[in-house]
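Below is one structure, written out as structure tokens; comments come after it.
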Amino acid sequence: MLASACGLTSGSPMVDDVSPGSIGQGEPLKGADLTVTSKSFTESLILGAMMGIAFEAAGAEVLDRTGIQGSIGGREAIRKGDADAMYEYTGTAWITYQGNSEPITDPLKQWQAVRDADVRNGVTWLPQSRLNNTYALAMNQANFKKYGTRTLSEVAELSRTDPKAVTLCVESEFANRADGLPGMQKAYGMKVSADRITQMDTGIIYTQTAKGSCTYGEVFTTDGRIKSMRLVVMSDDRKFFPNYNAAPVINSKTFEKWPAIAEVIDPVTAKLDNAVAQELNAKVDVDGEDPHQVALDWMKAEGFVK
């Protein structure tokens, strides 16, 4: 969810043949030219497509500028008015854009704090989803049967009573971030020596964890590979990791001109949770489907558009 800045690509018009279903009745966005953006990872691409499709059904002409590398590029595009709307994550905004070091443990209060702080930046936050794409540790079924841990507190206990049982596969960024491995170890009193921690690319972590090459792998809670590989996710029982709830962010001037954006996108946001995200992400990351098509199929299946 964090990476370097990158500019907008030129984009192309969204041309889905959609009409209003349960959203967009009366085409309240007819006459609007809206640019939708997203980050480049699977979930963000799917969410960006959902947003664009919703706007299309409501009558808007939509320019697709999804797939910007990193977090900063999309954020700056919204702030400056080069793009009108995207789905963003509350934790990313609070820590990365707004410069806070301590996350707020209550998800609603975290969203409210982000929303209130962004007023001065010309960015409007609409209500958040239950989709919370945060960090976690996960293990395969065999190791779960062997060790039986369900929470990070239990992992910490295992690391103290049986140090050789706990090996970790993590990304380099997670290994060095205060809201990653160092902070987690400190918060839980977890004692895992450096020689039992292996750093690797995100995708490899899932396969190595599934194989049992490491007892625990760092995962994102909405990743489709958790379900497809039948990994068991450890509960963050001390609420250490920040909340990364997805919510629509709109350029404030755009929202003043087209306030109906809220009534169009809010029902979509309300349907999003981790189970939905895991299922849709898996269609792309496991089954190889196109993110836009996955979004369109889901929007139609839910009755949002026809």
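Naming scheme: A, B, ... for chains in displayed order of the structure tokens; residues 1 onward per chain; ligands 1 onward as shown.
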
So which residues touch Val264 of chain A within 8 Å, counting only C-alpha atoms, skipping near sequence neighbours fewer than 4 positions away, as a PDB file with C-alpha atoms, in the first residue's frame?
```
ATOM      1  CA  ILE A  23     -27.777   2.354  -8.361  1.00  0.00           C
ATOM      2  CA  GLY A  24     -27.785   5.172 -10.890  1.00  0.00           C
ATOM      3  CA  ALA A  54     -21.012   2.748 -11.081  1.00  0.00           C
ATOM      4  CA  PHE A  55     -20.446   6.238 -12.477  1.00  0.00           C
ATOM      5  CA  ALA A  58     -25.365   6.808 -13.420  1.00  0.00           C
ATOM      6  CA  ALA A 260     -24.850  12.570  -6.316  1.00  0.00           C
ATOM      7  CA  VAL A 268     -21.259  -0.463  -3.506  1.00  0.00           C
TER       8      VAL A 268
END
```

Please identify every residue of segment 60-108 of chain A that has at least one atom no farther than 10 Å from an atom of segment 29-44 of chain A, counting only C-alpha atoms, and for each give the shortest atom pair and the distance in Å to one decimal, arranged by chain then increasing number, as a tab-separated table.
```
residue	atom	partner	partner_atom	distance
A:Ala60	CA	A:Ala32	CA	4.9
A:Glu61	CA	A:Asp33	CA	4.8
A:Val62	CA	A:Leu34	CA	4.9
A:Leu63	CA	A:Thr35	CA	4.6
A:Asp64	CA	A:Val36	CA	5.5
A:Arg65	CA	A:Thr37	CA	4.7
A:Thr66	CA	A:Thr37	CA	4.1
A:Gly67	CA	A:Ser40	CA	3.9
A:Ile68	CA	A:Lys39	CA	4.7
A:Gln69	CA	A:Ser40	CA	5.3
A:Gly70	CA	A:Lys39	CA	6.1
A:Ser71	CA	A:Lys39	CA	6.2
A:Ile72	CA	A:Lys39	CA	9.0
A:Gly73	CA	A:Lys39	CA	8.1
A:Gly74	CA	A:Ser38	CA	6.1
A:Arg75	CA	A:Ser38	CA	8.9
A:Ala77	CA	A:Thr37	CA	8.2
A:Ile78	CA	A:Thr37	CA	8.3
A:Gly81	CA	A:Thr35	CA	9.3
A:Asp82	CA	A:Thr35	CA	7.8
A:Ala83	CA	A:Thr35	CA	4.9
A:Asp84	CA	A:Thr35	CA	5.2
A:Ala85	CA	A:Val36	CA	5.1
A:Met86	CA	A:Thr37	CA	5.3
A:Tyr87	CA	A:Ser38	CA	6.8
A:Glu88	CA	A:Ser38	CA	8.2
A:Tyr89	CA	A:Ser44	CA	9.7
```

query: Which residues in segment 40-113 of chain A does DSSP call helix (DSSP H, G or I)? List them as a PyMOL selection string.
result: chain A and resi 42-57+72-80+90-97+107-113

Residue contacts of Leu131 of chain A (7 Å, only C-alpha atoms) excluding same-chain residues fewer than 3 positions away, as a list in words: Asn245, Ala246, Leu272, Asp273 and Asn274 of chain A

Based on the selection just made, write N, CA and C atoms of those residues as a short mmCIF file (atom, residue, chain, number, x, y, z; two decimals), in the first residue's frame.
```
data_model
loop_
_atom_site.label_atom_id
_atom_site.label_comp_id
_atom_site.auth_asym_id
_atom_site.auth_seq_id
_atom_site.Cartn_x
_atom_site.Cartn_y
_atom_site.Cartn_z
N ASN A 245 -9.02 0.33 6.02
CA ASN A 245 -10.35 0.19 5.42
C ASN A 245 -10.41 1.00 4.12
N ALA A 246 -10.97 0.37 3.10
CA ALA A 246 -11.10 1.05 1.80
C ALA A 246 -12.31 1.98 1.82
N LEU A 272 -18.77 -4.18 0.43
CA LEU A 272 -17.40 -4.67 0.41
C LEU A 272 -16.93 -5.09 1.79
N ASP A 273 -16.42 -6.31 1.89
CA ASP A 273 -15.78 -6.78 3.11
C ASP A 273 -14.63 -7.70 2.72
N ASN A 274 -13.94 -8.27 3.71
CA ASN A 274 -12.76 -9.07 3.41
C ASN A 274 -13.10 -10.32 2.60
#
```

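One finds atom CA of Lys257 of chain A at 18.6 Å from atom CA of Gln25 of chain A.
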
Proximity check segment 95-141 of chain A to segment 211-215 of chain A, 9 Å, nearest pairs one decimal Å, only C-alpha atoms, as CSV:
```
residue,atom,partner,partner_atom,distance
A:Ala138,CA,A:Thr215,CA,8.2
A:Met139,CA,A:Thr215,CA,5.9
A:Asn140,CA,A:Gly212,CA,6.4
```

Write the residues you've just listed into a file as a short mmCIF file (atom, residue, chain, number, x, y, z; two decimals), in the first residue's frame, and include N, CA, C and O atoms for each of them.
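Here's the written file part-v3.cif:
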```
data_model
loop_
_atom_site.label_atom_id
_atom_site.label_comp_id
_atom_site.auth_asym_id
_atom_site.auth_seq_id
_atom_site.Cartn_x
_atom_site.Cartn_y
_atom_site.Cartn_z
N ALA A 138 0.06 -15.73 8.69
CA ALA A 138 -0.77 -16.89 8.37
C ALA A 138 0.10 -18.14 8.31
O ALA A 138 1.32 -18.06 8.12
N MET A 139 -0.53 -19.30 8.48
CA MET A 139 0.19 -20.58 8.44
C MET A 139 -0.61 -21.60 7.65
O MET A 139 -1.82 -21.41 7.44
N ASN A 140 0.05 -22.68 7.21
CA ASN A 140 -0.69 -23.70 6.46
C ASN A 140 -1.45 -24.63 7.40
O ASN A 140 -1.29 -24.57 8.63
#
```

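Residue nearest Ala156 of chain A, chosen from A:Met234, A:Ile250, A:Val123, A:Ile205 and counting only C-alpha atoms: A:Met234.
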
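When only C-alpha atoms are used to compute distances to Glu256 of chain A, the closest of the residues A:Asn100, A:Pro163, A:Gly122, A:Glu27 turns out to be A:Gly122.
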
- request: Please report, as a PyMOL selection string, each residue of segment 112-248 of chain A to which DSSP assigns strand (DSSP E) when run on this structure's backbone.
  value: chain A and resi 123-125+135-139+168-170+197-199+216-220+232-233+246-248

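For the atom pair formed by atom CA of Met184 of chain A and atom CA of Glu218 of chain A, the distance is 11.5 Å, given to one decimal.
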
message: Which residues are near Arg150 of chain A? Cut-off 9 Å, only C-alpha atoms, ignore same chain within fewer than 3 positions. Put them as a PyMOL selection string.
response: chain A and resi 144+153-155+232-235

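Closest to Gln128 of chain A among A:Leu108, A:Met200, A:Ala165, A:Leu181 is A:Leu108, based on only C-alpha atoms.
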
- prompt: Hey, what's within 10 Å of Arg160 of chain A if we count only C-alpha atoms and toss same-chain stuff fewer than 6 positions away? As a ChimeraX atom specification, please?
  reply: /A:154,166,189-192
